[in-house]
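Undergrad: So that you have it, the file is model02.cif, and it contains mmCIF, C-alpha atoms:
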```cif
data_my_file
loop_
_atom_site.label_atom_id
_atom_site.label_comp_id
_atom_site.auth_asym_id
_atom_site.auth_seq_id
_atom_site.Cartn_x
_atom_site.Cartn_y
_atom_site.Cartn_z
CA MET A 1 22.44 -4.73 36.85
CA THR A 2 23.25 -5.06 33.15
CA LEU A 3 20.62 -5.43 30.44
CA ARG A 4 21.58 -6.56 26.94
CA VAL A 5 19.37 -4.50 24.63
CA ASN A 6 19.72 -4.16 20.85
CA ASP A 7 23.14 -5.83 20.83
CA ALA A 8 24.60 -3.54 23.49
CA ASP A 9 25.11 -3.93 27.24
CA HIS A 10 23.56 -1.24 29.41
CA ARG A 11 24.38 -0.84 33.08
CA VAL A 12 21.23 0.36 34.88
CA GLU A 13 20.12 0.97 38.45
CA LEU A 14 16.53 -0.16 38.99
CA GLU A 15 14.05 -0.89 41.70
CA HIS A 16 13.50 -4.62 42.11
CA SER A 17 9.86 -4.13 41.15
CA ALA A 18 10.62 -2.33 37.85
CA THR A 19 9.16 -3.97 34.78
CA LEU A 20 11.20 -4.49 31.67
CA LEU A 21 9.03 -1.87 29.95
CA GLU A 22 9.84 0.69 32.66
CA ALA A 23 13.56 -0.11 32.38
CA LEU A 24 13.50 0.29 28.61
CA ARG A 25 11.54 3.53 28.61
CA GLU A 26 12.79 5.26 31.76
CA ALA A 27 16.32 3.98 32.30
CA LEU A 28 17.38 3.53 28.67
CA GLY A 29 15.19 6.09 26.88
CA LEU A 30 13.88 3.52 24.38
CA THR A 31 10.33 4.77 24.01
CA ALA A 32 9.05 2.89 20.94
CA SER A 33 7.56 0.23 23.21
CA GLN A 34 4.45 1.83 24.63
CA LYS A 35 2.58 1.48 27.89
CA GLY A 36 -0.95 0.57 26.85
CA CYS A 37 -3.19 -1.66 28.92
CA ASP A 38 -0.55 -2.69 31.51
CA ASP A 39 -2.18 -6.15 31.48
CA GLY A 40 -0.34 -7.78 28.58
CA LEU A 41 -3.36 -7.66 26.31
CA CYS A 42 -2.73 -4.85 23.81
CA GLY A 43 0.74 -5.70 22.48
CA THR A 44 2.08 -2.15 22.47
CA CYS A 45 4.90 -3.11 24.83
CA THR A 46 6.05 -6.07 22.71
CA VAL A 47 9.78 -6.78 22.53
CA LEU A 48 11.76 -9.82 21.45
CA LEU A 49 13.37 -11.71 24.31
CA GLU A 50 15.77 -14.40 23.13
CA GLY A 51 14.02 -14.21 19.74
CA ARG A 52 10.48 -14.66 21.08
CA ARG A 53 7.86 -11.98 21.53
CA VAL A 54 7.00 -11.01 25.08
CA ASN A 55 4.94 -8.34 26.75
CA SER A 56 7.56 -6.25 28.52
CA CYS A 57 4.96 -4.76 30.88
CA LEU A 58 4.56 -8.16 32.54
CA LEU A 59 8.22 -9.04 33.11
CA LEU A 60 10.47 -7.93 35.94
CA ALA A 61 13.58 -6.28 34.54
CA VAL A 62 15.88 -7.90 37.12
CA ALA A 63 14.92 -11.34 35.79
CA GLN A 64 16.14 -10.44 32.29
CA GLU A 65 19.80 -9.86 33.09
CA GLY A 66 22.02 -11.60 30.54
CA ARG A 67 19.17 -12.26 28.10
CA GLU A 68 19.05 -10.77 24.59
CA ILE A 69 16.34 -8.10 24.26
CA ILE A 70 15.44 -6.50 20.93
CA THR A 71 13.14 -3.48 20.82
CA VAL A 72 11.56 -1.72 17.84
CA GLU A 73 14.56 0.62 17.86
CA GLY A 74 16.79 -2.42 17.37
CA LEU A 75 14.63 -3.69 14.53
CA VAL A 76 14.84 -0.49 12.54
CA ALA A 77 18.62 -0.33 12.44
CA ALA A 78 19.99 0.50 9.02
CA ASP A 79 20.94 -2.17 6.52
CA ALA A 80 23.72 -2.00 3.94
CA ASP A 81 21.59 -1.27 0.86
CA ASP A 82 19.92 2.06 1.40
CA GLY A 83 20.11 2.75 5.12
CA ARG A 84 16.59 1.49 5.83
CA HIS A 85 15.72 -1.74 7.66
CA PRO A 86 13.61 -4.09 5.50
CA LEU A 87 10.66 -3.58 7.87
CA ARG A 88 10.84 0.18 7.44
CA ARG A 89 11.22 -0.13 3.67
CA ALA A 90 8.15 -2.40 3.44
CA ALA A 91 6.12 -0.01 5.62
CA GLU A 92 7.06 2.94 3.45
CA ASP A 93 6.35 1.02 0.24
CA ARG A 94 2.85 0.21 1.52
CA ASP A 95 2.17 3.72 2.85
CA VAL A 96 1.87 2.54 6.42
CA LEU A 97 1.43 5.92 8.03
CA ARG A 98 0.55 5.41 11.66
CA CYS A 99 0.54 6.97 15.06
CA ALA A 100 3.14 4.36 16.23
CA TYR A 101 1.04 3.15 19.17
CA CYS A 102 0.95 -0.37 17.75
CA ALA A 103 4.39 -0.36 16.10
CA PRO A 104 5.93 -2.94 18.46
CA GLU A 105 3.15 -5.41 17.70
CA GLN A 106 2.98 -4.63 13.97
CA HIS A 107 6.69 -5.45 13.53
CA ARG A 108 6.45 -8.72 15.41
CA PRO A 109 5.50 -11.28 12.70
CA ALA A 110 8.37 -10.29 10.45
CA ALA A 111 10.85 -9.84 13.28
CA GLU A 112 10.19 -13.21 14.85
CA ALA A 113 10.01 -15.12 11.57
CA PRO A 114 13.35 -16.90 12.08
CA ALA A 115 12.27 -17.99 15.56
CA ALA A 116 8.79 -18.94 14.35
CA GLY A 117 10.36 -21.52 12.07
CA ASP A 118 11.56 -23.31 15.17
CA ALA A 119 8.05 -23.57 16.57
CA PRO A 120 5.47 -24.73 14.04
CA GLY A 121 1.93 -24.62 15.30
CA THR A 122 2.27 -21.32 17.14
CA SER A 123 -0.84 -20.04 15.39
CA VAL A 124 -4.33 -21.42 14.92
CA VAL A 125 -4.01 -21.06 11.15
CA THR A 126 -0.61 -22.73 10.81
CA GLU A 127 -0.78 -25.55 8.30
CA ILE A 128 -1.21 -28.74 10.30
CA ASP A 129 0.38 -30.98 7.67
CA LEU A 130 3.81 -29.35 7.99
CA PRO A 131 6.60 -31.70 9.09
CA ALA A 132 7.74 -31.01 12.64
CA ASP A 133 11.04 -29.50 11.49
CA ALA A 134 9.58 -27.36 8.68
CA PRO A 135 9.52 -23.57 9.04
CA VAL A 136 6.13 -21.92 9.28
CA ARG A 137 5.18 -20.06 6.09
CA LEU A 138 3.93 -16.61 7.06
CA THR A 139 0.95 -16.36 4.75
CA ALA A 140 -1.49 -13.45 4.95
CA ASP A 141 -3.73 -15.54 7.23
CA GLU A 142 -0.77 -16.45 9.45
CA VAL A 143 0.31 -12.81 9.80
CA ARG A 144 -3.26 -11.69 10.57
CA ASP A 145 -3.63 -14.39 13.22
CA ARG A 146 -0.33 -13.46 14.86
CA LEU A 147 -1.49 -9.83 14.96
CA SER A 148 -4.92 -10.65 16.34
CA GLY A 149 -5.68 -8.96 19.62
CA HIS A 150 -3.30 -6.03 19.22
CA LEU A 151 -4.71 -2.54 19.44
CA CYS A 152 -4.39 -0.25 16.44
CA ARG A 153 -5.71 3.22 17.21
CA CYS A 154 -5.22 4.88 13.83
CA GLY A 155 -6.42 2.24 11.35
CA ALA A 156 -3.05 1.36 9.77
CA TYR A 157 -3.48 -2.33 10.59
CA PRO A 158 -4.25 -3.69 7.07
CA ASN A 159 -1.22 -2.10 5.39
CA GLY A 160 0.99 -2.86 8.39
CA ALA A 161 0.06 -6.53 8.27
CA GLY A 162 0.88 -6.58 4.55
CA ALA A 163 4.23 -4.90 5.12
CA GLY A 164 5.11 -7.52 7.72
CA GLN A 165 4.34 -10.27 5.27
CA ASP A 166 6.38 -8.56 2.51
CA VAL A 167 9.51 -8.83 4.63
CA VAL A 168 9.25 -12.55 5.31
CA VAL A 169 7.90 -13.85 2.00
#
```
Here is a file; write its structure as structure tokens.

TA:
Amino acid sequence: MTLRVNDADHRVELEHSATLLEALREALGLTASQKGCDDGLCGTCTVLLEGRRVNSCLLLAVAQEGREIITVEGLVAADADDGRHPLRRAAEDRDVLRCAYCAPEQHRPAAEAPAAGDAPGTSVVTEIDLPADAPVRLTADEVRDRLSGHLCRCGAYPNGAGAGQDVVV
């Protein structure tokens, strides 16, 4: 089968029962997405699928053929200014030194910001008086709510949440 990951097509041979996380890590060598709880609760396996966050440990890889998948590796591609992706620049500016266990989940609010604008109300703190077609403003409360439930083992969560907001504000 062919998986479209980080703007490139990859021909892979997989078992039918392989999860998307297993395909990314084992077949493609993209190891930024971690295997944490294996129940879709911790967020360490988060990837963007068609612009929306998903837990890759819960999805069968064979069902993702032809769909656009973006991993943390795809998010940290260089930009034209100084060779650093805006997410990486914001993390460095805020001294977000971390073990990388939660990196897929920490990058999510900023990475999915364009898609979030298409779906107001995706958070319990989203302003309820926004018009239906208005983009969601990723305030500090919004970013914290979108990160709720993820597991941070090293304590970098506060600065990571701030870095995510820096990118989208």

Undergrad: As an mmCIF file with C-alpha atoms, keeping the file's coordinate frame, please: the residues near Arg67 (chain A) (cut-off 9 Å, all atoms listed in the file, same-chain neighbours under 6 positions excluded).

TA:
```
data_model
loop_
_atom_site.group_PDB
_atom_site.id
_atom_site.type_symbol
_atom_site.label_atom_id
_atom_site.label_comp_id
_atom_site.auth_asym_id
_atom_site.auth_seq_id
_atom_site.Cartn_x
_atom_site.Cartn_y
_atom_site.Cartn_z
ATOM 1 C CA LEU A 3 20.620 -5.430 30.440
ATOM 2 C CA ARG A 4 21.580 -6.560 26.940
ATOM 3 C CA VAL A 5 19.370 -4.500 24.630
ATOM 4 C CA LEU A 49 13.370 -11.710 24.310
ATOM 5 C CA GLU A 50 15.770 -14.400 23.130
#
```

Undergrad: Looking at all atoms listed in the file, which of A:Ile69, A:Ala161, A:Leu60, A:Cys45 is the one that sits closest to Glu15 (chain A)?

TA: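 Closest candidate: A:Leu60.
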
Undergrad: Given the file above and the PyMOL selection byres ((chain A and resi 73) around 10), which residues are selected, and can you give them as a PyMOL selection string?

TA: chain A and resi 5-6+30-33+47+70-72+74-77+104

Undergrad: Written as a list in words, which residues does the PyMOL selection byres ((chain A and resi 1) around 7) give for the file shown?

TA: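 Written out, the selection comes to Thr2, Leu3, Arg11, Val12, Glu13 and Glu65 of chain A.
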
Undergrad: Specify the axis-aligned box that encloses all atoms of region 24-42 of chain A listed in the file after padding of 6 Å on each side, stating its centre and edge lengths in Å to one decimal as JSON.

TA:
```
{"center_x": 7.0, "center_y": -0.8, "center_z": 26.6, "size_x": 32.7, "size_y": 25.9, "size_z": 23.4}
```

Undergrad: Can you list, as a list in words, every protein, DNA or RNA residue that comes within 10 Å of Lys35 (chain A) when you count only C-alpha atoms, leaving out same-chain residues fewer than 5 positions away?

TA: Leu21, Glu22, Arg25, Gly40, Cys42, Gly43, Thr44, Cys45, Thr46, Ser56, Cys57 and Tyr101 of chain A

Undergrad: Please measure the separation of CA of Leu59 (chain A) and CA of Ala23 (chain A), giving the value in Å to one decimal.

TA: 10.4 Å
